[in-house]
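Trainee: See model_34.tsv below, with TSV, C-alpha atoms.
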```
chain	number	residue	atom	x	y	z
A	156	MET	CA	63.35	-2.64	7.88
A	157	LEU	CA	62.28	-2.76	11.44
A	158	ALA	CA	60.82	-5.59	13.50
A	159	ARG	CA	61.61	-8.26	10.97
A	160	ALA	CA	65.29	-7.44	10.96
A	161	VAL	CA	65.53	-9.09	14.32
A	162	ALA	CA	65.45	-12.56	12.85
A	163	ALA	CA	68.77	-12.00	11.10
A	164	GLY	CA	71.16	-14.77	12.02
A	165	ALA	CA	69.09	-16.28	14.79
A	166	ALA	CA	70.39	-19.65	13.74
A	167	ALA	CA	70.54	-21.27	17.14
A	168	THR	CA	66.78	-21.55	17.46
A	169	LEU	CA	66.18	-23.15	14.06
A	170	PRO	CA	66.67	-26.65	12.67
A	171	ARG	CA	69.93	-27.51	11.00
A	172	MET	CA	68.75	-26.89	7.48
A	173	TYR	CA	66.14	-24.23	7.06
A	174	LEU	CA	63.60	-25.22	4.44
A	175	PRO	CA	60.55	-23.05	4.93
A	176	ARG	CA	57.27	-24.63	3.92
A	177	ARG	CA	54.92	-21.97	4.99
A	178	ILE	CA	53.00	-21.47	1.77
A	179	GLN	CA	49.58	-23.07	2.21
A	180	HIS	CA	47.65	-20.94	-0.28
A	181	CYS	CA	48.35	-19.54	-3.74
A	182	ARG	CA	49.28	-15.86	-3.79
A	183	VAL	CA	47.47	-15.39	-7.12
A	184	CYS	CA	44.13	-17.14	-6.61
A	185	GLY	CA	44.03	-18.14	-2.94
A	186	ALA	CA	43.43	-21.85	-3.60
A	187	ASN	CA	45.38	-24.55	-1.76
A	188	ALA	CA	49.05	-24.98	-2.62
A	189	GLU	CA	50.96	-28.23	-2.19
A	190	TYR	CA	54.69	-28.94	-2.23
A	191	ARG	CA	55.81	-30.98	-5.23
A	192	VAL	CA	58.49	-30.92	-7.92
A	193	PRO	CA	57.25	-28.91	-10.92
A	194	PRO	CA	58.01	-30.12	-14.47
A	195	ASP	CA	61.52	-29.09	-15.59
A	196	ASP	CA	62.58	-28.52	-11.99
A	197	ASN	CA	64.44	-30.67	-9.48
A	198	ARG	CA	63.18	-29.27	-6.16
A	199	GLU	CA	59.87	-29.22	-4.36
A	200	ARG	CA	58.03	-25.90	-4.65
A	201	ALA	CA	54.66	-24.75	-3.42
A	202	VAL	CA	52.45	-25.26	-6.49
A	203	CYS	CA	48.85	-24.07	-6.66
A	204	THR	CA	46.42	-26.97	-7.02
A	205	ALA	CA	43.99	-24.72	-8.95
A	206	CYS	CA	45.91	-22.30	-11.21
A	207	GLY	CA	49.32	-24.00	-11.21
A	208	GLU	CA	51.28	-20.94	-9.99
A	209	ILE	CA	54.73	-21.95	-8.71
A	210	HIS	CA	55.94	-20.18	-5.56
A	211	TYR	CA	59.71	-20.04	-5.22
A	212	GLU	CA	61.42	-19.52	-1.86
A	213	ASN	CA	65.07	-18.51	-1.75
A	214	PRO	CA	67.71	-17.28	0.71
A	215	LEU	CA	67.73	-13.61	1.64
A	216	ASN	CA	70.45	-11.04	2.19
A	217	VAL	CA	71.04	-9.24	5.47
A	218	VAL	CA	73.15	-6.12	4.95
A	219	GLY	CA	74.96	-3.98	7.50
A	220	THR	CA	78.02	-1.96	8.37
A	221	VAL	CA	81.02	-1.84	10.67
A	222	PRO	CA	80.86	1.88	11.53
A	223	VAL	CA	84.32	3.12	12.54
A	224	TRP	CA	85.36	6.24	14.48
A	225	GLY	CA	89.09	6.37	15.11
A	226	ASP	CA	89.98	3.20	17.01
A	227	GLN	CA	86.35	2.55	17.95
A	228	VAL	CA	83.45	0.70	16.30
A	229	LEU	CA	79.75	1.37	16.75
A	230	LEU	CA	77.42	-1.26	18.20
A	231	CYS	CA	73.68	-1.12	18.89
A	232	LEU	CA	71.96	-2.66	21.92
A	233	ARG	CA	68.95	-4.51	20.57
A	234	ASN	CA	65.52	-3.39	21.73
A	235	ILE	CA	63.65	-6.16	19.87
A	236	GLU	CA	63.48	-9.94	19.99
A	237	PRO	CA	65.25	-12.17	19.34
A	238	ARG	CA	68.37	-11.26	21.27
A	239	ARG	CA	66.90	-8.20	22.94
A	240	GLY	CA	69.53	-6.74	25.29
A	241	LEU	CA	72.46	-8.04	23.23
A	242	TRP	CA	74.80	-5.99	21.04
A	243	THR	CA	74.87	-6.01	17.25
A	244	LEU	CA	76.32	-4.19	14.29
A	245	PRO	CA	73.59	-2.25	12.47
A	246	ALA	CA	72.06	-4.63	9.90
A	247	GLY	CA	68.79	-5.83	8.45
A	248	PHE	CA	67.12	-7.37	5.42
A	249	MET	CA	67.96	-5.89	2.04
A	250	GLU	CA	64.92	-4.30	0.36
A	251	PHE	CA	63.82	-3.91	-3.26
A	252	GLY	CA	65.01	-0.72	-4.90
A	253	GLU	CA	68.39	-0.67	-3.18
A	254	SER	CA	71.87	-2.12	-3.63
A	255	THR	CA	73.63	-4.07	-0.89
A	256	ALA	CA	75.50	-0.88	0.08
A	257	ASP	CA	72.31	1.22	-0.03
A	258	GLY	CA	70.63	-1.21	2.35
A	259	ALA	CA	73.60	-1.32	4.70
A	260	LEU	CA	73.63	2.49	4.86
A	261	ARG	CA	69.87	2.62	5.45
A	262	GLU	CA	70.10	0.18	8.34
A	263	THR	CA	72.95	2.19	9.86
A	264	ILE	CA	70.77	5.29	9.81
A	265	GLU	CA	67.62	3.49	11.02
A	266	GLU	CA	69.24	1.62	13.89
A	267	ALA	CA	71.87	4.08	15.07
A	268	GLY	CA	71.22	7.43	13.41
A	269	ALA	CA	74.91	7.48	12.52
A	270	LYS	CA	76.34	9.63	9.73
A	271	VAL	CA	78.78	7.51	7.74
A	272	GLU	CA	80.68	7.35	4.49
A	273	MET	CA	80.38	3.88	3.01
A	274	GLN	CA	83.66	2.04	2.35
A	275	GLY	CA	84.46	-1.40	0.95
A	276	LEU	CA	82.55	-4.65	1.22
A	277	PHE	CA	84.17	-6.48	4.12
A	278	SER	CA	82.43	-9.79	4.92
A	279	VAL	CA	80.13	-12.17	3.05
A	280	LEU	CA	78.92	-14.78	5.53
A	281	ASN	CA	76.65	-17.65	4.54
A	282	VAL	CA	74.25	-18.70	7.28
A	283	VAL	CA	72.94	-21.75	5.49
A	284	ARG	CA	70.86	-23.00	8.41
A	285	VAL	CA	68.59	-19.97	8.25
A	286	GLY	CA	68.79	-19.35	4.52
A	287	GLN	CA	70.60	-16.02	4.79
A	288	VAL	CA	73.70	-14.33	3.45
A	289	HIS	CA	75.06	-11.53	5.68
A	290	LEU	CA	77.07	-8.82	3.93
A	291	PHE	CA	78.90	-6.19	6.01
A	292	TYR	CA	80.57	-3.07	4.66
A	293	ARG	CA	83.14	-0.93	6.44
A	294	ALA	CA	81.85	2.60	7.02
A	295	ARG	CA	83.68	5.72	8.24
A	296	MET	CA	81.71	7.72	10.77
A	297	LEU	CA	81.65	11.43	9.90
A	298	ASP	CA	80.98	12.56	13.48
A	299	THR	CA	79.92	10.97	16.76
A	300	SER	CA	76.31	12.16	16.72
A	301	LEU	CA	73.91	9.24	17.15
A	302	ASN	CA	70.15	8.92	17.14
A	303	PRO	CA	69.15	5.29	17.69
A	304	GLY	CA	65.78	4.23	16.27
A	305	PRO	CA	63.11	2.20	18.06
A	306	GLU	CA	64.94	-1.10	17.42
A	307	SER	CA	67.87	0.03	19.55
A	308	ILE	CA	68.03	0.71	23.30
A	309	GLU	CA	71.24	2.59	22.71
A	310	ALA	CA	74.14	2.88	20.30
A	311	ARG	CA	77.71	3.47	21.44
A	312	LEU	CA	81.34	3.28	20.44
A	313	PHE	CA	83.67	0.54	21.66
A	314	ARG	CA	87.43	0.17	21.50
A	315	GLU	CA	88.59	-3.38	20.75
A	316	ASP	CA	89.29	-4.11	24.42
A	317	GLU	CA	85.79	-2.92	25.33
A	318	ILE	CA	83.81	-5.10	22.89
A	319	PRO	CA	81.19	-7.10	24.83
A	320	TRP	CA	82.20	-10.42	23.25
A	321	ASP	CA	79.94	-12.40	25.57
A	322	ALA	CA	76.93	-10.23	24.84
A	323	LEU	CA	76.91	-10.14	21.02
A	324	ALA	CA	73.61	-10.97	19.35
A	325	PHE	CA	74.73	-12.97	16.31
A	326	ARG	CA	77.65	-15.11	15.19
A	327	THR	CA	78.01	-13.13	11.98
A	328	VAL	CA	78.53	-10.00	14.09
A	329	ARG	CA	81.20	-11.74	16.18
A	330	GLN	CA	82.99	-13.08	13.11
A	331	THR	CA	82.88	-9.74	11.32
A	332	LEU	CA	84.29	-7.94	14.36
A	333	GLU	CA	87.06	-10.53	14.79
A	334	LEU	CA	88.01	-10.23	11.12
A	335	PHE	CA	87.88	-6.44	11.32
A	336	PHE	CA	90.28	-6.17	14.26
A	337	ASP	CA	92.59	-8.80	12.72
A	338	ASP	CA	92.74	-6.86	9.47
A	339	ARG	CA	93.25	-3.57	11.25
A	340	ARG	CA	96.20	-5.00	13.16
A	341	ARG	CA	97.88	-6.09	9.94
A	342	GLY	CA	97.03	-2.78	8.29
A	343	ALA	CA	95.01	-4.03	5.31
A	344	PHE	CA	91.32	-4.79	4.87
A	345	GLY	CA	90.27	-7.68	2.66
A	346	VAL	CA	86.93	-9.09	1.57
A	347	HIS	CA	86.19	-12.15	3.68
A	348	VAL	CA	83.90	-14.97	2.56
A	349	ALA	CA	82.97	-17.69	5.02
A	350	ASP	CA	80.23	-20.08	6.07
A	351	ILE	CA	78.73	-19.90	9.55
A	352	SER	CA	77.97	-23.43	10.73
B	205	MET	CA	67.41	-24.31	-10.70
B	206	LEU	CA	66.16	-24.70	-14.17
B	207	ALA	CA	63.59	-22.70	-16.13
B	208	ARG	CA	63.40	-19.89	-13.62
B	209	ALA	CA	67.12	-19.20	-13.77
B	210	VAL	CA	66.55	-17.64	-17.14
B	211	ALA	CA	65.17	-14.45	-15.62
B	212	ALA	CA	68.54	-13.66	-14.04
B	213	GLY	CA	69.62	-10.21	-15.02
B	214	ALA	CA	67.02	-9.60	-17.68
B	215	ALA	CA	66.93	-5.98	-16.61
B	216	ALA	CA	66.31	-4.41	-19.98
B	217	THR	CA	62.73	-5.62	-20.16
B	218	LEU	CA	61.68	-4.42	-16.70
B	219	PRO	CA	60.80	-1.02	-15.26
B	220	ARG	CA	63.50	1.06	-13.70
B	221	MET	CA	62.78	0.03	-10.15
B	222	TYR	CA	61.46	-3.45	-9.66
B	223	LEU	CA	58.84	-3.56	-6.93
B	224	PRO	CA	56.88	-6.76	-7.31
B	225	ARG	CA	53.30	-6.59	-6.12
B	226	ARG	CA	52.12	-9.97	-7.07
B	227	ILE	CA	50.70	-11.13	-3.77
B	228	GLN	CA	46.94	-11.03	-4.00
B	229	HIS	CA	46.14	-13.71	-1.44
B	230	CYS	CA	47.50	-14.69	1.97
B	231	ARG	CA	49.81	-17.69	1.94
B	232	VAL	CA	48.52	-18.81	5.34
B	233	CYS	CA	44.73	-18.53	5.04
B	234	GLY	CA	44.06	-17.69	1.36
B	235	ALA	CA	42.05	-14.50	2.11
B	236	ASN	CA	42.69	-11.28	0.20
B	237	ALA	CA	45.93	-9.43	0.86
B	238	GLU	CA	46.37	-5.70	0.37
B	239	TYR	CA	49.49	-3.56	0.20
B	240	ARG	CA	49.87	-1.21	3.16
B	241	VAL	CA	52.50	-0.18	5.71
B	242	PRO	CA	52.29	-2.48	8.75
B	243	PRO	CA	52.70	-1.03	12.26
B	244	ASP	CA	56.37	-0.57	13.18
B	245	ASP	CA	57.40	-0.71	9.53
B	246	ASN	CA	58.12	1.98	6.95
B	247	ARG	CA	57.36	0.16	3.69
B	248	GLU	CA	54.26	-1.23	2.08
B	249	ARG	CA	53.89	-5.00	2.43
B	250	ALA	CA	51.18	-7.40	1.36
B	251	VAL	CA	49.14	-7.78	4.56
B	252	CYS	CA	46.30	-10.30	4.91
B	253	THR	CA	42.94	-8.61	5.43
B	254	ALA	CA	41.73	-11.61	7.46
B	255	CYS	CA	44.57	-13.04	9.58
B	256	GLY	CA	47.03	-10.12	9.40
B	257	GLU	CA	49.95	-12.16	8.07
B	258	ILE	CA	52.66	-9.89	6.62
B	259	HIS	CA	54.30	-11.08	3.39
B	260	TYR	CA	57.79	-9.71	2.84
B	261	GLU	CA	59.39	-9.56	-0.60
B	262	ASN	CA	63.14	-9.05	-0.90
B	263	PRO	CA	65.92	-9.16	-3.50
B	264	LEU	CA	67.36	-12.54	-4.47
B	265	ASN	CA	70.84	-13.83	-5.17
B	266	VAL	CA	71.95	-15.28	-8.49
B	267	VAL	CA	75.14	-17.31	-8.11
B	268	GLY	CA	77.52	-18.57	-10.77
B	269	THR	CA	81.11	-19.22	-11.80
B	270	VAL	CA	83.79	-18.17	-14.24
B	271	PRO	CA	85.08	-21.66	-15.13
B	272	VAL	CA	88.70	-21.44	-16.32
B	273	TRP	CA	90.80	-23.92	-18.33
B	274	GLY	CA	94.24	-22.55	-19.14
B	275	ASP	CA	93.72	-19.30	-21.05
B	276	GLN	CA	90.08	-20.16	-21.80
B	277	VAL	CA	86.78	-19.60	-20.01
B	278	LEU	CA	83.62	-21.66	-20.30
B	279	LEU	CA	80.38	-20.19	-21.60
B	280	CYS	CA	76.98	-21.79	-22.13
B	281	LEU	CA	74.66	-21.09	-25.06
B	282	ARG	CA	71.21	-20.56	-23.57
B	283	ASN	CA	68.47	-22.97	-24.58
B	284	ILE	CA	65.76	-21.14	-22.63
B	285	GLU	CA	64.11	-17.73	-22.70
B	286	PRO	CA	64.88	-14.98	-22.12
B	287	ARG	CA	68.01	-14.61	-24.20
B	288	ARG	CA	67.79	-18.03	-25.83
B	289	GLY	CA	70.67	-18.32	-28.29
B	290	LEU	CA	72.94	-15.96	-26.34
B	291	TRP	CA	75.99	-16.90	-24.28
B	292	THR	CA	76.21	-16.84	-20.49
B	293	LEU	CA	78.39	-17.90	-17.61
B	294	PRO	CA	76.74	-20.75	-15.68
B	295	ALA	CA	74.51	-19.14	-13.01
B	296	GLY	CA	71.10	-19.31	-11.40
B	297	PHE	CA	69.10	-18.54	-8.28
B	298	MET	CA	70.62	-19.54	-4.95
B	299	GLU	CA	68.53	-22.18	-3.15
B	300	PHE	CA	67.84	-22.94	0.51
B	301	GLY	CA	70.28	-25.39	2.06
B	302	GLU	CA	73.31	-24.11	0.19
B	303	SER	CA	75.95	-21.39	0.48
B	304	THR	CA	76.66	-18.94	-2.31
B	305	ALA	CA	79.60	-21.13	-3.40
B	306	ASP	CA	77.50	-24.33	-3.16
B	307	GLY	CA	74.89	-22.78	-5.44
B	308	ALA	CA	77.47	-21.53	-7.92
B	309	LEU	CA	78.98	-25.01	-8.12
B	310	ARG	CA	75.56	-26.64	-8.55
B	311	GLU	CA	74.68	-24.33	-11.43
B	312	THR	CA	78.02	-25.06	-13.10
B	313	ILE	CA	77.24	-28.76	-12.98
B	314	GLU	CA	73.59	-28.37	-14.03
B	315	GLU	CA	74.21	-26.03	-16.94
B	316	ALA	CA	77.55	-27.24	-18.28
B	317	GLY	CA	78.34	-30.57	-16.63
B	318	ALA	CA	81.80	-29.15	-15.91
B	319	LYS	CA	84.08	-30.55	-13.20
B	320	VAL	CA	85.57	-27.63	-11.33
B	321	GLU	CA	87.42	-26.70	-8.16
B	322	MET	CA	85.83	-23.61	-6.62
B	323	GLN	CA	88.13	-20.63	-6.07
B	324	GLY	CA	87.56	-17.15	-4.67
B	325	LEU	CA	84.52	-14.90	-4.83
B	326	PHE	CA	85.15	-12.61	-7.78
B	327	SER	CA	82.21	-10.26	-8.47
B	328	VAL	CA	79.23	-8.98	-6.47
B	329	LEU	CA	76.99	-7.08	-8.86
B	330	ASN	CA	73.81	-5.33	-7.75
B	331	VAL	CA	71.08	-5.34	-10.37
B	332	VAL	CA	68.74	-3.02	-8.48
B	333	ARG	CA	66.20	-2.74	-11.29
B	334	VAL	CA	65.33	-6.41	-11.05
B	335	GLY	CA	65.93	-6.87	-7.34
B	336	GLN	CA	68.89	-9.22	-7.74
B	337	VAL	CA	72.47	-9.54	-6.56
B	338	HIS	CA	74.72	-11.58	-8.86
B	339	LEU	CA	77.72	-13.26	-7.24
B	340	PHE	CA	80.33	-14.97	-9.42
B	341	TYR	CA	83.19	-17.18	-8.20
B	342	ARG	CA	86.29	-18.13	-10.12
B	343	ALA	CA	86.48	-21.89	-10.67
B	344	ARG	CA	89.34	-24.04	-12.00
B	345	MET	CA	88.21	-26.69	-14.47
B	346	LEU	CA	89.65	-30.10	-13.66
B	347	ASP	CA	89.30	-31.43	-17.19
B	348	THR	CA	87.56	-30.41	-20.42
B	349	SER	CA	84.74	-32.94	-20.23
B	350	LEU	CA	81.35	-31.21	-20.51
B	351	ASN	CA	77.78	-32.41	-20.33
B	352	PRO	CA	75.41	-29.47	-20.80
B	353	GLY	CA	71.97	-29.80	-19.21
B	354	PRO	CA	68.63	-29.02	-20.86
B	355	GLU	CA	69.03	-25.27	-20.27
B	356	SER	CA	72.08	-25.16	-22.55
B	357	ILE	CA	72.31	-25.75	-26.31
B	358	GLU	CA	76.04	-26.20	-25.90
B	359	ALA	CA	78.93	-25.30	-23.60
B	360	ARG	CA	82.38	-24.45	-24.93
B	361	LEU	CA	85.67	-22.84	-24.07
B	362	PHE	CA	86.68	-19.40	-25.38
B	363	ARG	CA	90.00	-17.57	-25.37
B	364	GLU	CA	89.69	-13.85	-24.64
B	365	ASP	CA	89.87	-12.93	-28.33
B	366	GLU	CA	87.10	-15.42	-29.10
B	367	ILE	CA	84.52	-14.18	-26.55
B	368	PRO	CA	81.23	-13.40	-28.35
B	369	TRP	CA	80.92	-9.94	-26.78
B	370	ASP	CA	77.96	-9.02	-28.97
B	371	ALA	CA	76.08	-12.19	-28.13
B	372	LEU	CA	76.28	-12.26	-24.32
B	373	ALA	CA	73.00	-12.79	-22.49
B	374	PHE	CA	73.38	-10.48	-19.48
B	375	ARG	CA	75.25	-7.35	-18.48
B	376	THR	CA	76.51	-9.01	-15.29
B	377	VAL	CA	78.14	-11.69	-17.45
B	378	ARG	CA	79.79	-9.06	-19.65
B	379	GLN	CA	81.05	-7.09	-16.66
B	380	THR	CA	82.34	-10.18	-14.88
B	381	LEU	CA	84.22	-11.31	-18.00
B	382	GLU	CA	85.72	-7.83	-18.54
B	383	LEU	CA	86.88	-7.71	-14.91
B	384	PHE	CA	88.24	-11.25	-15.15
B	385	PHE	CA	90.42	-10.57	-18.20
B	386	ASP	CA	91.57	-7.21	-16.74
B	387	ASP	CA	92.63	-8.90	-13.52
B	388	ARG	CA	94.31	-11.75	-15.35
B	389	ARG	CA	96.36	-9.30	-17.40
B	390	ARG	CA	97.62	-7.60	-14.25
B	391	GLY	CA	98.22	-10.95	-12.60
B	392	ALA	CA	96.01	-10.58	-9.49
B	393	PHE	CA	92.35	-11.34	-8.88
B	394	GLY	CA	90.35	-9.08	-6.59
B	395	VAL	CA	86.77	-9.10	-5.35
B	396	HIS	CA	84.78	-6.59	-7.40
B	397	VAL	CA	81.62	-4.91	-6.14
B	398	ALA	CA	79.58	-2.79	-8.53
B	399	ASP	CA	76.07	-1.70	-9.41
B	400	ILE	CA	74.61	-2.48	-12.82
B	401	SER	CA	72.47	0.46	-13.94
```
Starting from the file, lay out its structure as structure tokens.
Mentor:
Amino acid sequence: MLARAVAAGAAATLPRMYLPRRIQHCRVCGANAEYRVPPDDNRERAVCTACGEIHYENPLNVVGTVPVWGDQVLLCLRNIEPRRGLWTLPAGFMEFGESTADGALRETIEEAGAKVEMQGLFSVLNVVRVGQVHLFYRARMLDTSLNPGPESIEARLFREDEIPWDALAFRTVRQTLELFFDDRRRGAFGVHVADIS
Amino acid sequence: MLARAVAAGAAATLPRMYLPRRIQHCRVCGANAEYRVPPDDNRERAVCTACGEIHYENPLNVVGTVPVWGDQVLLCLRNIEPRRGLWTLPAGFMEFGESTADGALRETIEEAGAKVEMQGLFSVLNVVRVGQVHLFYRARMLDTSLNPGPESIEARLFREDEIPWDALAFRTVRQTLELFFDDRRRGAFGVHVADIS
């Protein structure tokens, strides 16, 4: 997805624990909703005061890739807020009708226009403060042709010593890149699970 | 979570591609919403005809554990629909304020009352048809005391040759158990990523 993908991992601007309470009206009948604990539940939900519909809100997945060409990885310079002008791995919210890998591939095409072969799941990073799980796959670039979409100012390849560490958009991107280069040095790629504080 | 967790993985009863379109009214102002492609997007969303609010709908995570005691694993007999009377690993929808592992642990306590030490992420299973990703962790039981919650008729330990393969509630549970016993036989546990058709 496009504009909305920008919110991925923007933890710094949000309160410590992200509990959205944005549902003021029922999606079914339009009447007022209020937050209370439904019967047989143990958490507050937005419940319709007229028809009783319960509105659940849950964490979302952000899916992306580490696109690799030889000893280089592909980053995109963000053209949208937040973090416009900072570098990111291609990533965005997972959509209905796709798997985590499907979504990661789609975002790689949308944001960079890169042609890649998907490889293994590489990082699963919980960003509890914003209610997101970020999943990055390794991806092998098939050529160096790029065609960045409107969300990206540009897309380009970086060797490890060229990575703009001080100009990365999100902590999950930094952590995924650090883990990637560590694993590449030791010659074996794992699946890394961590929490981003 | 409780009653709603029952929908996890109930793919057989749903159409091939799950695209919920249940938003009839705006959550902000209560006016009518209609499905159309917003500017700068490429998918239909529920957009408010009055205030313009865009309502995104995305896949959700179901998180659970494979609780292990010696050569046995813990299953719960479901007390809620769908699949009441069938066996499942403890699992349910991930909630705000928790990591994938936090949620998996919470569900293990809620559904079985088991005391466990969380271990590694074990399976990441895309259930595209219902818009869910199921993530199971291995968990080491600290004792055999159990205290099943209202969602479970009972919880009990099974050796591999006792698993009720024909009475399992969900395909993600079956696949996770098959992978678990395969890995245990070869003496090494991986992280398994797969799509459930």
Trainee: Residues of chain B within 6 Å of chain A, using only C-alpha atoms, as a count of residues only?
Mentor: 19
Trainee: What separation in Å, quoted to one decimal, exists between atom CA of A:Arg233 and atom CA of A:Ile308?
Mentor: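 Straight-line distance from atom CA of A:Arg233 to atom CA of A:Ile308 works out to 6.0 Å.
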Trainee: Using Å and a single decimal, report how far atom CA of A:Asp257 sits from atom CA of B:Ser401.
Mentor: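 Atom-to-atom, atom CA of B:Ser401 and atom CA of A:Asp257 are spaced 13.9 Å apart.
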Trainee: What separation in Å, quoted to one decimal, exists between atom CA of B:Ala371 and atom CA of B:Arg288?
Mentor: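 The value is 10.4 Å.
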Trainee: Taking (53.2, -33.3, -3.7) in the file's coordinates as the center, which residues reach within 12 Å of it, counting all atoms listed in the file, put as a list in words?
Mentor: Asn187, Ala188, Glu189, Tyr190, Arg191, Val192, Pro193, Arg198, Glu199, Arg200, Ala201, Val202, Cys203 and Thr204 of chain A
